[in-house]
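**Student:** The following block contains the structure, expressed as structure tokens.
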Amino acid sequence: MQSSPTHRASFSIGSEADAKRVVDVLTEVFFDGDAAVAAFERPDGQWDVTLHFAEPPDQARLRELVENSAGNAIAATLAFDTIEARDWVKASLEDLVPVPAGRFVVHGSHDRDRVAPNKLAIEIEAALAFGTGHHGTTRGCLLLLDHVLKSSRPRNVLDLGTGTGVLAIAAAKALHRAVLASDIDPPSVRVAAENAALNEVGSLVRVIRATGFAAPDFARAGPFDLVLANILANPLRQLAGPMVRHLSPGARVILSGLLTHQAPAVIAAYRTRGLVPLRHLRIEEWSSLLLRKVS
């Protein structure tokens with residue numbers, strides 16, 4: 001049967017941080033299936049942001065959204081056209097190449113055969129490049145997780161703010177143990193659970209909807225030997241107190257989702273609560289931190 005045409009809106013923006021900010025806004029507005037949002041880096045360092053709609057979009061509204069989140073100059077470059085649905089799916093996947101991170105490789109279904117047999121493959125089908133391993137924060141967390149697993153085997157693992165579930169899946173695959181994953185966003189909870197099942201660790205990864213550490217599931221599953229939290233700098237600072245109460249002595253904590261200039265404030269928030277930094281991994285302008293609870 002002939003594929004229905006899809007309506008496309010696209011623009012370019014100057015940096016990964018800017019692209020993520022704009023994509024976060026657009027995803028929040030269109031998450032309910034109105035549009036698929038994709039962002040990919042170009043060879044020249046610019047980022048292409050594309051939205052695909054089943055129905056013709058409200059161009060004035062979309063231009064206003066882009067203008068509010070990216071400025072007049074970017075909004076002025078917003079272009080609209082119509083293409084075949086099968087074509088944009090293929091185009092979106094072409095640039096989403098497998099991403100290695102230590103023993104892990106994050107990939108889409110179109111690249112299953114490109115993953116070396118000695119690697120732990122994590123298959124993620126997501127509309128966004130963020131949360132699939134292509135974003136510096138996700139890759140940083142995976143690299144630090146690989147480092148931790150070289151010298152220890154945590155028994156109780158938490159992925160806080162799991163998103164697409166990449167980190168929870170990675171931990172479950174490497175450890176063959178149960179992992180608790182949480183997110184504040186109901187669609188993310190669903191997507192993470194689906195991705196865990198896709199990667200054959202659905203029986204190990206339990207995904208819950210929770211804000212911070214408010215849910216009783218954390219007390220039941222903890223104390224945690226390892227916490228992975230790839231969220232944002234401000235929530236990370238606010239969660240330092242509640243998090244330390246759910247950690248076992250000597251626990252490792254991997255934090256990301258922060259720009260490099262935000263790292264000192266995050267480190268300070270955790271140091272005052274007895275966690276010392278072990279590693280600070282920088283990927284472009286993003287930082288990922290490994291800390292240990294000393295008492």
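Identifiers in the structure tokens: chain A, B, ... in order shown; residue index from 1 per chain; ligand index from 1 in order shown.
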List the neighbours of Thr272 in chain A out to 10 Å using only C-alpha atoms; skip same-chain residues closer than 5 positions along the sequence, and give me the result as a ChimeraX atom specification.
**Tutor:** /A:240-241,267
**Student:** Please provide as a compact mmCIF listing (two decimals) with C-alpha atoms, in the first residue's frame all residues within 10 Å of Val266 in chain A, with the sequence filter that same-chain residues fewer than 5 positions apart are discarded (counting only C-alpha atoms).
**Tutor:**
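The resulting file, result_34.txt, is shown below:
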```
# COMPACT_ATOMS: atom_id res chain seq x y z
CA LEU A 232 19.83 18.46 34.83
CA ALA A 233 22.10 20.45 37.13
CA ASN A 234 19.43 22.12 39.29
CA PRO A 235 17.46 18.92 40.01
CA LEU A 236 20.73 17.10 40.72
CA ARG A 237 21.63 19.67 43.38
CA GLN A 238 18.15 19.51 44.90
CA ALA A 240 21.60 15.46 46.81
CA LEU A 255 25.63 12.18 37.54
CA SER A 256 25.18 13.93 34.20
CA LEU A 258 25.06 19.27 33.25
CA HIS A 261 30.61 25.12 34.06
CA ARG A 271 30.57 16.74 48.79
CA LEU A 289 30.63 12.84 37.25
```
**Student:** Run DSSP on the backbone and tell me which residues of range 22-73 of chain A come out as strand (DSSP E); list them as an MDAnalysis selection string.
**Tutor:** chainID A and resid 35:41 47:53
**Student:** Within 7 Å of Ala36 in chain A, counting only C-alpha atoms, which residues show up once you throw out same-chain ones fewer than 2 positions away? Write them as a list in words, please.
**Tutor:**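 Near Ala36 in chain A, the qualifying residues are Ala38, Leu51, His52, Phe53 and Ala127 of chain A.
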**Student:** Would you mind exporting N, CA and C atoms of the selected residues as a compact mmCIF listing (two decimals), in the first residue's frame?
**Tutor:**
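Result file out_12.txt:
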```txt
# COMPACT_ATOMS: atom_id res chain seq x y z
N ALA A 38 13.19 15.16 15.56
CA ALA A 38 14.51 14.55 15.42
C ALA A 38 15.57 15.63 15.35
N LEU A 51 10.84 18.26 12.31
CA LEU A 51 9.58 17.77 12.86
C LEU A 51 8.77 17.16 11.73
N HIS A 52 8.17 16.01 11.97
CA HIS A 52 7.34 15.33 10.98
C HIS A 52 5.91 15.22 11.52
N PHE A 53 4.95 15.66 10.72
CA PHE A 53 3.54 15.69 11.12
C PHE A 53 2.71 14.83 10.17
N ALA A 127 12.77 8.94 18.59
CA ALA A 127 12.71 10.01 17.60
C ALA A 127 13.84 11.00 17.79
```
**Student:** When you count only C-alpha atoms, which of these residues is closest to Arg155 in chain A: A:Arg206, A:Arg112, A:Arg139, A:Arg252?
**Tutor:**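 Distance minimum relative to Arg155 in chain A lands on A:Arg252.
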**Student:** Determine, counting only C-alpha atoms, which protein, DNA and RNA residues have an atom within 10 Å of an atom of Ser12 in chain A; residues of the same chain fewer than 2 positions away are not included. Present the result as a list in words.
**Tutor:** Ser10, Gly14, Ser15, Ala19, Ala39, Phe40, Glu41, Arg42, Gln46, Trp47, Asp48, Val49, Thr50, Ile74, Ala75, Thr77, Leu78 and Ala79 of chain A
**Student:** Enumerate, as JSON, numbers by chain, the complete set of residues in range 37-278 of chain A that a backbone-based DSSP assignment places in helix (DSSP H, G or I).
**Tutor:** {"A": [59, 60, 61, 62, 63, 64, 65, 66, 67, 68, 69, 70, 72, 73, 74, 75, 76, 85, 86, 87, 88, 89, 90, 91, 92, 93, 94, 109, 110, 111, 112, 113, 114, 136, 137, 138, 139, 140, 141, 142, 143, 144, 145, 146, 147, 148, 149, 166, 167, 168, 169, 170, 171, 172, 173, 174, 175, 186, 187, 188, 189, 190, 191, 192, 193, 194, 195, 196, 197, 198, 217, 218, 219, 220, 221, 233, 234, 235, 236, 237, 238, 240, 241, 242, 243, 244, 260, 261, 262, 263, 264, 265, 266, 267, 268, 269, 270, 271]}
**Student:** What is the distance, in Å and to one decimal place, between CA of Ile169 in chain A and CA of Leu142 in chain A?
**Tutor:** 10.6 Å
**Student:** Can you tell me which residues surround Lys150 in chain A at a distance of at most 12 Å, considering only C-alpha atoms, apart from same-chain residues fewer than 3 positions away, and format the answer as number ranges by chain?
**Tutor:** A: 102-103, 143-147, 153-154, 174-175
**Student:** I'd like the neighbourhood of Lys293 in chain A as a PyMOL selection string, where a residue qualifies if any of its atoms comes within 6 Å (using only C-alpha atoms), though same-chain residues fewer than 2 positions away should be ignored.
**Tutor:** chain A and resi 250-251+274-275+295
**Student:** Quick one: residues within 10 Å of Cys141 in chain A, only C-alpha atoms, excluding same-chain residues fewer than 5 positions away - as an mmCIF file with C-alpha atoms, in the first residue's frame?
**Tutor:**
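Okay, part27.cif is ready:
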```cif
data_model
loop_
_atom_site.group_PDB
_atom_site.id
_atom_site.type_symbol
_atom_site.label_atom_id
_atom_site.label_comp_id
_atom_site.auth_asym_id
_atom_site.auth_seq_id
_atom_site.Cartn_x
_atom_site.Cartn_y
_atom_site.Cartn_z
ATOM 1 C CA ALA A 101 30.933 3.638 24.964
ATOM 2 C CA GLY A 133 23.685 7.502 23.352
ATOM 3 C CA GLY A 136 27.329 13.592 25.269
ATOM 4 C CA ASP A 146 31.846 0.764 32.191
ATOM 5 C CA HIS A 147 34.633 2.088 34.437
ATOM 6 C CA VAL A 166 19.462 3.351 28.057
ATOM 7 C CA LEU A 167 21.367 3.378 31.355
ATOM 8 C CA LEU A 228 22.763 6.752 37.632
ATOM 9 C CA ALA A 229 21.107 10.141 37.218
ATOM 10 C CA ASN A 230 21.291 11.824 33.818
ATOM 11 C CA ILE A 254 27.069 8.757 38.290
ATOM 12 C CA LEU A 255 25.625 12.183 37.540
ATOM 13 C CA SER A 256 25.184 13.931 34.205
ATOM 14 C CA GLY A 257 22.978 16.272 32.238
ATOM 15 C CA LEU A 281 34.472 13.158 32.280
ATOM 16 C CA SER A 287 30.168 16.883 32.092
ATOM 17 C CA SER A 288 29.563 13.472 33.643
ATOM 18 C CA LEU A 289 30.626 12.842 37.245
ATOM 19 C CA LEU A 290 31.478 9.730 39.240
#
```
**Student:** Taking into account only C-alpha atoms, which residue in the set A:Arg61, A:Arg245, A:Arg282, A:Arg209 is nearest to Val189 in chain A?
**Tutor:**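 Of A:Arg61, A:Arg245, A:Arg282, A:Arg209, the one nearest Val189 in chain A, counting only C-alpha atoms, is A:Arg209.
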**Student:** Kindly give the distance, in Å, that separates CA of Val227 in chain A and CA of Val22 in chain A, rounded to a single decimal.
**Tutor:** 28.1 Å
**Student:** For CA of Pro277 in chain A and CA of Ser188 in chain A, determine how far apart the two atoms are, in Å to one decimal place.
**Tutor:**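 CA of Ser188 in chain A lies 29.3 Å from CA of Pro277 in chain A.
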